[in-house]
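Chemist: One file: entry17.txt (compact mmCIF, C-alpha atoms and all ligand atoms).
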```
# COMPACT_ATOMS: atom_id res chain seq x y z
CA MET W 136 115.23 120.65 58.64
CA LEU W 137 111.88 119.02 59.28
CA VAL W 138 111.38 117.28 62.61
CA PRO W 139 109.55 113.98 61.97
CA ASP W 140 105.99 114.15 63.20
CA VAL W 141 105.99 111.41 65.85
CA PRO W 142 103.22 111.27 68.42
CA ALA W 143 104.41 112.66 71.75
CA GLY W 144 103.21 109.66 73.83
CA THR W 145 103.36 109.97 77.60
CA ARG W 146 105.75 112.66 78.72
CA LEU W 147 107.04 112.76 82.28
CA GLU W 148 106.71 116.32 83.57
CA ALA W 149 107.59 115.99 87.24
CA LEU W 150 108.21 113.54 90.06
CA GLU W 151 106.90 114.32 93.51
CA LEU W 152 108.96 112.55 96.18
CA ARG W 153 106.93 112.36 99.35
CA ARG W 154 108.19 110.93 102.63
CA ILE W 155 105.67 109.52 105.04
CA ALA W 156 106.12 108.08 108.54
CA VAL W 157 103.72 105.37 109.67
CA PRO W 158 103.92 103.62 113.03
CA MET W 159 103.75 99.81 112.90
CA LYS W 160 100.98 98.25 114.96
CA THR W 161 103.49 95.95 116.62
CA PRO W 162 107.29 96.00 116.30
CA PHE W 163 108.50 93.58 113.61
CA ARG W 164 111.76 91.80 114.48
CA THR W 165 113.93 90.00 111.94
CA SER W 166 117.50 88.72 112.01
CA PHE W 167 118.57 92.16 110.69
CA GLY W 168 116.76 94.36 113.19
CA THR W 169 113.47 95.58 114.63
CA GLN W 170 111.10 97.77 112.67
CA GLN W 171 108.95 100.08 114.81
CA ASP W 172 108.03 102.88 112.44
CA ARG W 173 108.10 102.69 108.68
CA ASP W 174 109.69 105.68 106.91
CA ILE W 175 108.45 105.37 103.30
CA LEU W 176 109.16 107.17 100.06
CA LEU W 177 106.13 107.60 97.80
CA VAL W 178 106.67 108.71 94.23
CA LYS W 179 104.00 110.57 92.29
CA ALA W 180 104.58 110.70 88.55
CA ILE W 181 103.05 113.75 86.93
CA THR W 182 102.73 113.01 83.22
CA SER W 183 101.02 114.42 80.15
CA GLU W 184 98.45 111.61 80.53
CA GLY W 185 97.75 112.12 84.23
CA GLU W 186 99.23 111.14 87.58
CA GLY W 187 100.32 107.84 89.08
CA TRP W 188 101.70 106.49 92.36
CA GLY W 189 104.72 104.40 93.22
CA GLU W 190 105.99 103.14 96.58
CA CYS W 191 109.68 102.61 97.22
CA VAL W 192 110.30 99.57 99.44
CA ALA W 193 113.79 100.62 100.60
CA MET W 194 114.14 100.64 104.38
CA SER W 195 115.68 103.35 106.55
CA SER W 196 119.07 101.65 106.66
CA PRO W 197 120.84 99.22 104.32
CA VAL W 198 120.31 96.09 106.44
CA TYR W 199 118.03 93.99 104.20
CA SER W 200 119.88 94.95 101.01
CA SER W 201 122.36 97.67 100.08
CA GLU W 202 119.61 100.17 99.29
CA TYR W 203 118.16 102.60 101.84
CA ILE W 204 115.54 105.29 101.62
CA ASP W 205 117.71 108.45 101.59
CA GLY W 206 119.95 106.85 98.96
CA ALA W 207 116.94 105.91 96.84
CA GLN W 208 115.59 109.45 96.97
CA GLN W 209 119.01 110.86 96.07
CA VAL W 210 119.51 108.53 93.12
CA ILE W 211 116.04 109.29 91.76
CA LYS W 212 116.70 113.01 91.98
CA SER W 213 120.25 113.07 90.63
CA PHE W 214 120.26 110.25 88.09
CA LEU W 215 116.93 108.60 87.28
CA ALA W 216 114.73 111.66 86.86
CA PRO W 217 117.13 113.50 84.49
CA LEU W 218 117.34 110.42 82.23
CA LEU W 219 113.55 110.15 82.08
CA PHE W 220 112.98 113.89 81.64
CA ALA W 221 115.31 113.78 78.63
CA GLU W 222 112.98 111.39 76.81
CA ARG W 223 110.29 112.82 74.51
CA SER W 224 107.97 110.01 75.52
CA ILE W 225 108.28 107.19 78.00
CA ASP W 226 106.25 104.05 77.39
CA VAL W 227 106.57 101.86 80.45
CA PRO W 228 108.36 98.97 78.73
CA ARG W 229 111.18 101.43 77.91
CA VAL W 230 111.69 102.80 81.43
CA ALA W 231 114.12 100.04 82.42
CA ASP W 232 116.13 100.53 79.20
CA VAL W 233 116.34 104.29 79.72
CA LEU W 234 117.60 103.71 83.27
CA MET W 235 119.96 100.85 82.37
CA SER W 236 123.14 102.96 82.41
CA ILE W 237 122.64 103.43 86.16
CA LYS W 238 123.86 100.32 87.99
CA GLY W 239 121.82 98.75 90.74
CA HIS W 240 119.41 100.93 92.75
CA ARG W 241 116.61 98.61 91.77
CA MET W 242 114.21 99.70 94.53
CA ALA W 243 114.53 103.31 93.38
CA LYS W 244 114.00 102.31 89.74
CA ALA W 245 111.03 100.12 90.65
CA ALA W 246 109.27 102.96 92.48
CA VAL W 247 109.64 105.33 89.52
CA GLU W 248 108.56 102.70 86.98
CA MET W 249 105.55 101.83 89.15
CA ALA W 250 104.42 105.47 89.30
CA ILE W 251 104.68 105.87 85.53
CA LEU W 252 102.90 102.56 84.97
CA ASP W 253 100.08 103.63 87.30
CA ALA W 254 99.71 106.93 85.41
CA GLU W 255 99.60 105.14 82.03
CA LEU W 256 97.15 102.48 83.18
CA ARG W 257 94.84 105.02 84.84
CA GLY W 258 94.85 106.95 81.58
CA ALA W 259 94.04 103.79 79.63
CA GLY W 260 91.43 102.57 82.15
CA ARG W 261 93.30 99.27 82.71
CA SER W 262 94.17 97.63 86.01
CA PHE W 263 97.64 96.47 87.10
CA ALA W 264 96.38 92.88 87.25
CA HIS W 265 94.99 93.06 83.72
CA PHE W 266 98.21 94.59 82.40
CA LEU W 267 100.44 92.02 84.14
CA GLY W 268 98.33 89.02 83.13
CA GLY W 269 96.55 88.18 86.37
CA VAL W 270 94.16 85.23 86.35
CA ARG W 271 92.64 85.35 89.85
CA ASP W 272 90.17 87.64 91.63
CA PHE W 273 91.58 86.76 95.08
CA VAL W 274 95.08 85.76 96.18
CA ASP W 275 95.91 83.25 98.91
CA THR W 276 97.53 85.08 101.75
CA GLY W 277 100.05 84.23 104.42
CA VAL W 278 101.59 86.26 107.21
CA SER W 279 105.19 86.89 108.22
CA VAL W 280 105.67 86.59 111.99
CA GLY W 281 108.57 88.42 113.63
CA ILE W 282 111.05 86.79 115.99
CA HIS W 283 109.74 86.33 119.53
CA ASP W 284 112.17 85.44 122.33
CA ASP W 285 109.34 83.93 124.34
CA ILE W 286 107.83 80.83 122.73
CA GLY W 287 104.54 81.22 124.62
CA GLU W 288 104.12 84.71 123.18
CA LEU W 289 104.99 83.40 119.71
CA LEU W 290 102.27 80.75 120.00
CA ASP W 291 99.74 83.42 121.02
CA THR W 292 100.69 85.61 118.06
CA VAL W 293 100.45 82.70 115.62
CA ALA W 294 97.11 81.63 117.15
CA GLY W 295 95.73 85.11 116.48
CA TYR W 296 96.73 85.00 112.81
CA VAL W 297 95.45 81.45 112.35
CA GLU W 298 92.14 82.54 113.85
CA GLU W 299 91.96 85.47 111.43
CA GLY W 300 92.24 82.96 108.61
CA TYR W 301 95.76 83.42 107.26
CA MET W 302 96.49 80.46 104.99
CA ARG W 303 100.16 80.09 105.84
CA ILE W 304 102.51 81.15 108.62
CA LYS W 305 106.08 82.29 108.01
CA LEU W 306 108.33 82.44 111.06
CA LYS W 307 111.32 84.72 111.02
CA ILE W 308 114.31 82.83 112.44
CA GLU W 309 117.92 83.42 113.45
CA PRO W 310 120.54 81.37 115.30
CA GLY W 311 119.24 80.84 118.85
CA SER W 312 115.63 81.34 117.79
CA ASP W 313 114.84 78.61 115.31
CA ILE W 314 114.41 74.86 115.90
CA ASP W 315 112.59 75.10 119.24
CA HIS W 316 110.29 77.81 117.91
CA VAL W 317 109.40 75.80 114.81
CA ARG W 318 108.83 72.64 116.86
CA ALA W 319 106.52 74.46 119.28
CA VAL W 320 104.43 75.95 116.46
CA ARG W 321 104.22 72.64 114.60
CA GLU W 322 103.20 70.79 117.78
CA LYS W 323 100.55 73.31 118.77
CA PHE W 324 98.94 73.82 115.34
CA GLY W 325 99.34 70.31 113.91
CA PRO W 326 100.53 68.85 110.61
CA ASP W 327 98.07 70.71 108.35
CA LEU W 328 99.29 74.23 109.06
CA LEU W 329 101.25 75.56 106.07
CA LEU W 330 104.48 76.67 107.74
CA GLN W 331 107.74 78.11 106.45
CA VAL W 332 110.73 80.04 107.83
CA ASP W 333 112.80 83.05 106.74
CA ALA W 334 116.37 83.59 107.98
CA ASN W 335 117.24 86.79 106.06
CA THR W 336 120.83 85.57 105.51
CA ALA W 337 121.53 84.82 109.20
CA TYR W 338 123.31 81.45 108.75
CA GLN W 339 126.48 80.03 107.19
CA LEU W 340 127.00 76.89 105.16
CA SER W 341 128.66 75.36 108.24
CA ASP W 342 125.21 75.50 109.90
CA ALA W 343 123.90 72.87 107.43
CA GLU W 344 123.58 70.14 110.06
CA HIS W 345 121.82 72.49 112.42
CA LEU W 346 119.36 73.58 109.70
CA ALA W 347 118.74 69.94 108.75
CA GLN W 348 116.98 69.64 112.13
CA LEU W 349 114.17 71.62 110.54
CA ASP W 350 113.55 68.78 108.07
CA GLU W 351 111.32 66.82 110.43
CA TYR W 352 108.81 69.67 110.75
CA ASN W 353 107.54 69.45 107.18
CA LEU W 354 108.14 73.09 106.26
CA LEU W 355 107.09 74.42 102.84
CA LEU W 356 110.50 76.05 102.49
CA ILE W 357 113.39 77.79 104.19
CA GLU W 358 113.87 81.31 102.82
CA GLN W 359 117.31 82.84 102.28
CA PRO W 360 119.34 81.03 104.94
CA LEU W 361 122.74 82.26 103.65
CA PRO W 362 124.15 85.64 102.51
CA GLU W 363 122.91 87.25 99.31
CA GLU W 364 125.98 86.50 97.19
CA GLU W 365 126.44 82.88 98.35
CA VAL W 366 124.45 81.29 95.56
CA ARG W 367 126.69 78.25 95.15
CA ALA W 368 126.69 77.69 98.93
CA HIS W 369 122.88 77.58 98.78
CA ALA W 370 123.21 74.79 96.20
CA GLU W 371 125.53 72.91 98.59
CA LEU W 372 123.10 73.46 101.44
CA ALA W 373 120.21 72.24 99.28
CA ALA W 374 122.03 68.93 98.91
CA LYS W 375 122.28 68.62 102.72
CA VAL W 376 118.74 69.48 103.80
CA SER W 377 115.47 68.08 102.50
CA THR W 378 113.41 71.25 103.19
CA PRO W 379 113.15 73.16 99.87
CA ILE W 380 115.36 76.27 99.65
CA CYS W 381 113.66 79.50 98.56
CA LEU W 382 115.70 82.59 97.68
CA ASP W 383 114.70 86.19 98.41
CA GLU W 384 117.71 88.56 98.77
CA SER W 385 119.83 86.69 96.17
CA ILE W 386 117.28 87.08 93.37
CA THR W 387 117.89 90.57 92.04
CA SER W 388 117.00 89.96 88.36
CA THR W 389 115.83 87.39 85.83
CA GLN W 390 119.52 86.65 85.21
CA ALA W 391 120.11 85.94 88.90
CA ALA W 392 117.01 83.73 89.02
CA THR W 393 118.13 81.80 85.94
CA ASP W 394 121.60 81.20 87.39
CA ALA W 395 120.35 80.26 90.87
CA ILE W 396 117.94 77.72 89.42
CA ALA W 397 120.58 76.30 87.05
CA LEU W 398 122.98 75.87 89.97
CA GLY W 399 120.36 74.11 92.09
CA ALA W 400 120.52 76.86 94.72
CA CYS W 401 116.73 77.06 95.09
CA SER W 402 113.59 75.26 94.03
CA ILE W 403 111.17 78.10 94.92
CA ILE W 404 111.51 81.87 94.47
CA ASN W 405 110.13 84.79 96.47
CA ILE W 406 109.41 87.63 94.02
CA LYS W 407 109.50 91.23 95.24
CA ALA W 408 109.17 93.81 92.50
CA GLY W 409 111.23 96.37 94.43
CA ARG W 410 114.18 94.02 94.84
CA VAL W 411 114.30 93.20 91.10
CA GLY W 412 113.81 96.71 89.70
CA GLY W 413 110.10 96.77 88.96
CA TYR W 414 106.86 94.96 88.18
CA LEU W 415 107.87 94.23 84.57
CA GLU W 416 111.04 92.45 85.66
CA ALA W 417 109.03 90.69 88.38
CA LYS W 418 106.61 89.41 85.74
CA ASN W 419 109.55 88.31 83.63
CA ILE W 420 110.95 86.27 86.53
CA HIS W 421 107.50 84.78 87.07
CA ASP W 422 107.33 83.79 83.40
CA TYR W 423 110.81 82.28 83.41
CA CYS W 424 110.12 80.30 86.59
CA SER W 425 106.88 79.08 85.10
CA SER W 426 108.71 77.82 82.01
CA VAL W 427 111.12 75.75 84.12
CA GLY W 428 108.56 74.53 86.67
CA VAL W 429 109.75 76.59 89.64
CA PRO W 430 106.87 77.87 91.81
CA VAL W 431 106.97 81.48 93.02
CA TRP W 432 105.21 83.52 95.68
CA CYS W 433 104.87 87.22 96.30
CA GLY W 434 107.06 88.67 99.04
CA GLY W 435 106.38 91.88 100.93
CA MET W 436 108.34 94.79 102.40
CA LEU W 437 105.78 96.16 104.88
CA GLU W 438 104.08 98.23 102.17
CA THR W 439 101.17 100.63 102.53
CA GLY W 440 98.05 100.07 100.45
CA ILE W 441 99.83 101.60 97.44
CA GLY W 442 102.58 98.98 97.20
CA ARG W 443 100.20 96.28 98.45
CA ALA W 444 97.77 96.93 95.56
CA ALA W 445 100.52 96.28 93.03
CA ASN W 446 101.80 93.21 94.93
CA VAL W 447 98.33 91.70 95.08
CA ALA W 448 97.94 92.28 91.33
CA LEU W 449 101.29 90.57 90.72
CA ALA W 450 100.31 87.66 92.96
CA SER W 451 97.27 87.04 90.73
CA LEU W 452 99.53 85.68 87.95
CA PRO W 453 99.24 81.91 87.38
CA ASN W 454 102.60 80.68 88.71
CA PHE W 455 102.13 82.38 92.10
CA THR W 456 101.06 79.04 93.53
CA LEU W 457 102.10 79.54 97.18
CA PRO W 458 100.43 82.01 99.58
CA GLY W 459 102.21 85.38 99.59
CA ASP W 460 103.27 87.93 102.22
CA THR W 461 100.37 90.05 100.96
CA SER W 462 98.69 90.35 104.36
CA ALA W 463 95.75 92.60 105.17
CA SER W 464 96.43 96.26 106.01
CA ASP W 465 95.57 95.70 109.68
CA ARG W 466 98.48 93.27 110.09
CA TYR W 467 100.78 96.29 109.77
CA TRP W 468 98.91 99.55 110.35
CA ALA W 469 96.25 100.98 112.64
CA THR W 470 95.26 103.11 109.62
CA ASP W 471 96.44 102.44 106.08
CA ILE W 472 96.87 105.42 103.75
CA THR W 473 94.45 103.88 101.20
CA GLU W 474 91.20 101.97 101.58
CA PRO W 475 92.41 99.02 103.65
CA PHE W 476 93.06 95.58 102.20
CA VAL W 477 91.10 93.04 104.22
CA LEU W 478 91.29 89.29 104.65
CA GLU W 479 88.33 87.38 103.19
CA ASP W 480 88.52 83.62 103.86
CA GLY W 481 92.30 83.81 103.99
CA ARG W 482 92.49 85.73 100.74
CA VAL W 483 92.89 89.31 99.61
CA ARG W 484 90.85 90.72 96.73
CA VAL W 485 92.70 91.85 93.62
CA PRO W 486 91.85 95.47 92.75
CA THR W 487 90.07 95.90 89.42
CA GLY W 488 89.93 99.69 89.04
CA PRO W 489 92.19 101.64 86.67
CA GLY W 490 95.91 101.51 87.54
CA LEU W 491 96.50 100.38 91.12
CA GLY W 492 92.77 100.62 91.76
CA VAL W 493 93.43 102.45 95.03
CA GLU W 494 94.87 105.82 95.93
CA PRO W 495 95.98 107.64 99.04
CA ILE W 496 93.19 109.20 101.08
CA PRO W 497 94.16 112.91 101.01
CA GLU W 498 93.57 113.70 104.72
CA ILE W 499 95.44 110.60 105.90
CA LEU W 500 98.27 111.23 103.46
CA GLU W 501 98.57 114.79 104.72
CA GLU W 502 98.73 113.59 108.32
CA VAL W 503 101.60 111.14 107.77
CA THR W 504 103.66 113.27 105.37
CA THR W 505 107.02 114.44 106.74
CA ALA W 506 108.55 116.03 103.63
CA ILE W 507 107.84 116.69 99.94
CA GLU W 508 110.39 117.36 97.22
CA THR W 509 109.24 117.96 93.64
CA ILE W 510 111.61 117.51 90.71
CA ARG W 511 110.56 119.08 87.41
CA VAL W 512 111.82 119.08 83.87
CA SER W 513 114.19 122.04 83.81
O1 LIG M 601 112.58 89.05 104.09
O2 LIG M 601 110.60 88.85 103.41
C1 LIG M 601 111.45 89.50 104.02
C2 LIG M 601 109.87 92.57 105.64
C3 LIG M 601 110.83 93.52 105.41
C4 LIG M 601 112.00 93.15 104.77
C5 LIG M 601 112.18 91.82 104.35
C6 LIG M 601 111.20 90.87 104.57
C7 LIG M 601 110.02 91.25 105.25
C8 LIG M 601 108.96 90.32 105.61
C9 LIG M 601 107.59 90.89 105.81
O3 LIG M 601 109.13 89.14 105.79
C10 LIG M 601 106.73 90.71 104.61
C11 LIG M 601 105.48 91.52 104.67
O4 LIG M 601 104.52 91.07 105.28
O5 LIG M 601 105.45 92.63 104.09
MG MG M 602 112.59 87.21 103.04
```
For this file, write the structure as structure tokens.

Modeler:
Amino acid sequence: MLVPDVPAGTRLEALELRRIAVPMKTPFRTSFGTQQDRDILLVKAITSEGEGWGECVAMSSPVYSSEYIDGAQQVIKSFLAPLLFAERSIDVPRVADVLMSIKGHRMAKAAVEMAILDAELRGAGRSFAHFLGGVRDFVDTGVSVGIHDDIGELLDTVAGYVEEGYMRIKLKIEPGSDIDHVRAVREKFGPDLLLQVDANTAYQLSDAEHLAQLDEYNLLLIEQPLPEEEVRAHAELAAKVSTPICLDESITSTQAATDAIALGACSIINIKAGRVGGYLEAKNIHDYCSSVGVPVWCGGMLETGIGRAANVALASLPNFTLPGDTSASDRYWATDITEPFVLEDGRVRVPTGPGLGVEPIPEILEEVTTAIETIRVS
């Protein structure tokens, strides 16, 4: 029997799973813990059309979401890679479909899709921003400030970022470290500072009256006050506070975004490609939010220059109308693994080169690498 003569397309030949360890410049404290060193999984897709990079945003332990880095690596190796290797060709728009039989594990899927997308775009000479539909050369940039017990120290930290030119400040909060901290920052920096807070699920609906005390400080939004699955409770909270509710952890897909908006659980969405399973799904959420008049902004997960390049490209889409957590490399790292992203008048430049437009600097990558595992078509 004759095999139909279809073009081979891009074929995935191997995935290199590389673990790197990078110390954070300053410890980053949230309601779920303190990050001192970032253990990161980089994925290199080796394809018939060339190579591409992905960065997995999963953290060391499942405290932000259910995913964690060892689990992500395991699921890529045991389940995602075999499904992709079985395909004759893998155009990026099909990656999510091929992986659909595997439930969840969106950060793992996102990293693999990103690496394949980078390989394809490098081969085609197109940038991430061009592919996704970016419309800006620079993106407005904010900074996420960890919890400080001491309010004086918090004010010093914020002053430093304001001086550097960050366009918006996000304060991490938790019970016992919230209203007084926000008041102090608002009083010191005045009414024009764009200010918002992020609770990372640290409150309950019964805290509604407490959280309503934030209303007088004219915040842009309060991010994810309640647990991930409490979408309806967020809608009830939204009726009790005047500060807009923004969801992060709860928004795991376009479906989740659609439902949360329909329920009135949020009026703004933080988009993180890792959390929703990839940059294509992230774009889809952006497009849906745009169609229903819900503004979005680009979240971050303490990425290196690899993940940052893709985030900055995503943030250049038209409905990213609020400053993102797309801070400059030196907010996180003494030395980034790529050419550093820098702040220019409160903005970060969108890469224009093929694919991500940046790549790891070999000597630096070597220095931070702790392990490499390569999975090949068998
Ligand atoms: O909730 O947005 C969050 C970092 C790690 C995990 C979750 C979050 C964050 C941040 C930092 O707020 C964002 C960044 O600057 O990368
Ligand atoms: Mg958040």

Chemist: List as a list of chain:residue names the protein and nucleic acid residues lying within 7 Å of ligand LIG 601 (chain M), with only C-alpha atoms and all ligand atoms counted.

Modeler: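 Residues satisfying the distance criterion: W:Tyr199, W:Val278, W:Ser279, W:Asp333, W:Asn335, W:Asp383, W:Gly434, W:Gly435, W:Met436, W:Leu437, W:Glu438, W:Asp460, W:Thr461, W:Ser462.
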
Chemist: Using only C-alpha atoms, find the one residue out of W:Phe263, W:Phe163, W:Tyr423, W:Phe476 that sits nearest to Ile396 (chain W).

Modeler: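 The shortest atom-to-atom distance to Ile396 (chain W) comes from W:Tyr423.
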
Chemist: Between W:Ser195, W:Asn446, W:Gln359, W:Gln209, which residue has the minimum interatomic distance to ligand MG 602 (chain M), considering only C-alpha atoms and all ligand atoms?

Modeler: W:Gln359

Chemist: Using 12 Å as the limit and counting only C-alpha atoms and all ligand atoms, can you tabulate each residue of chain W that touches ligand MG 602 (chain M), with its shortest atom-to-atom distance in Å and the two atoms involved, as a Markdown table?

Modeler:
```
| residue | atom | partner | partner_atom | distance |
| --- | --- | --- | --- | --- |
| W:Thr165 | CA | M:MG602 | MG | 9.4 |
| W:Ser166 | CA | M:MG602 | MG | 10.3 |
| W:Phe167 | CA | M:MG602 | MG | 10.9 |
| W:Tyr199 | CA | M:MG602 | MG | 8.8 |
| W:Ser200 | CA | M:MG602 | MG | 10.8 |
| W:Val278 | CA | M:MG602 | MG | 11.8 |
| W:Ser279 | CA | M:MG602 | MG | 9.0 |
| W:Val280 | CA | M:MG602 | MG | 11.3 |
| W:Gly281 | CA | M:MG602 | MG | 11.4 |
| W:Lys305 | CA | M:MG602 | MG | 9.6 |
| W:Leu306 | CA | M:MG602 | MG | 10.3 |
| W:Lys307 | CA | M:MG602 | MG | 8.5 |
| W:Ile308 | CA | M:MG602 | MG | 10.5 |
| W:Gln331 | CA | M:MG602 | MG | 10.9 |
| W:Val332 | CA | M:MG602 | MG | 8.8 |
| W:Asp333 | CA | M:MG602 | MG | 5.6 |
| W:Ala334 | CA | M:MG602 | MG | 7.2 |
| W:Asn335 | CA | M:MG602 | MG | 5.6 |
| W:Thr336 | CA | M:MG602 | MG | 8.8 |
| W:Ala337 | CA | M:MG602 | MG | 11.1 |
| W:Leu356 | CA | M:MG602 | MG | 11.4 |
| W:Ile357 | CA | M:MG602 | MG | 9.5 |
| W:Glu358 | CA | M:MG602 | MG | 6.0 |
| W:Gln359 | CA | M:MG602 | MG | 6.5 |
| W:Pro360 | CA | M:MG602 | MG | 9.3 |
| W:Leu361 | CA | M:MG602 | MG | 11.3 |
| W:Pro362 | CA | M:MG602 | MG | 11.7 |
| W:Glu363 | CA | M:MG602 | MG | 11.0 |
| W:Ile380 | CA | M:MG602 | MG | 11.8 |
| W:Cys381 | CA | M:MG602 | MG | 9.0 |
| W:Leu382 | CA | M:MG602 | MG | 7.7 |
| W:Asp383 | CA | M:MG602 | MG | 5.2 |
| W:Glu384 | CA | M:MG602 | MG | 6.8 |
| W:Ser385 | CA | M:MG602 | MG | 10.0 |
| W:Ile386 | CA | M:MG602 | MG | 10.7 |
| W:Ile404 | CA | M:MG602 | MG | 10.2 |
| W:Asn405 | CA | M:MG602 | MG | 7.4 |
| W:Ile406 | CA | M:MG602 | MG | 9.6 |
| W:Lys407 | CA | M:MG602 | MG | 9.3 |
| W:Arg410 | CA | M:MG602 | MG | 10.8 |
| W:Trp432 | CA | M:MG602 | MG | 11.1 |
| W:Cys433 | CA | M:MG602 | MG | 10.2 |
| W:Gly434 | CA | M:MG602 | MG | 7.0 |
| W:Gly435 | CA | M:MG602 | MG | 8.1 |
| W:Met436 | CA | M:MG602 | MG | 8.7 |
| W:Leu437 | CA | M:MG602 | MG | 11.4 |
| W:Gly459 | CA | M:MG602 | MG | 11.1 |
| W:Asp460 | CA | M:MG602 | MG | 9.4 |
```

Chemist: Using all atoms listed in the file - which residues lie no farther than 7 Å from the point (106.4, 103.1, 111.8) in the file's frame? Write them as a PyMOL selection string.

Modeler: chain W and resi 156-159+171-174

Chemist: Output C-alpha atoms for every residue in that selection, as a compact mmCIF listing (two decimals), in the coordinates of the input.

Modeler:
```txt
# COMPACT_ATOMS: atom_id res chain seq x y z
CA ALA W 156 106.12 108.08 108.54
CA VAL W 157 103.72 105.37 109.67
CA PRO W 158 103.92 103.62 113.03
CA MET W 159 103.75 99.81 112.90
CA GLN W 171 108.95 100.08 114.81
CA ASP W 172 108.03 102.88 112.44
CA ARG W 173 108.10 102.69 108.68
CA ASP W 174 109.69 105.68 106.91
```

Chemist: I'd like the neighbourhood of Ile420 (chain W) as an MDAnalysis selection string, where a residue qualifies if any of its atoms comes within 8 Å (using only C-alpha atoms), though same-chain residues fewer than 4 positions away should be ignored.

Modeler: chainID W and resid 388:389 392 406 416 424

Chemist: With only C-alpha atoms as the basis for distance, which of W:Tyr467, W:Tyr352, W:Tyr338, W:Phe266 is at the shortest distance from Lys418 (chain W)?

Modeler: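 Of all the options, W:Phe266 lies closest to Lys418 (chain W).
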
Chemist: Around the point (111.5, 97.7, 96.7), in the coordinates given by the file, pick out the residues reaching within 12 Å, counting only C-alpha atoms, and return them as a ChimeraX atom specification.

Modeler: /W:175-177,189-194,199-204,207,239-249,384,387,406-414,417,434-438,442-443,445-446

Chemist: Have a look at CA of Glu351 (chain W) and CA of Arg482 (chain W) and let me know their distance in Å, one decimal.

Modeler: 28.4 Å

Chemist: How many Å lie between CA of Ala254 (chain W) and CA of Ala450 (chain W), rounded to one decimal?

Modeler: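 Atom-to-atom, CA of Ala254 (chain W) and CA of Ala450 (chain W) are spaced 20.7 Å apart.
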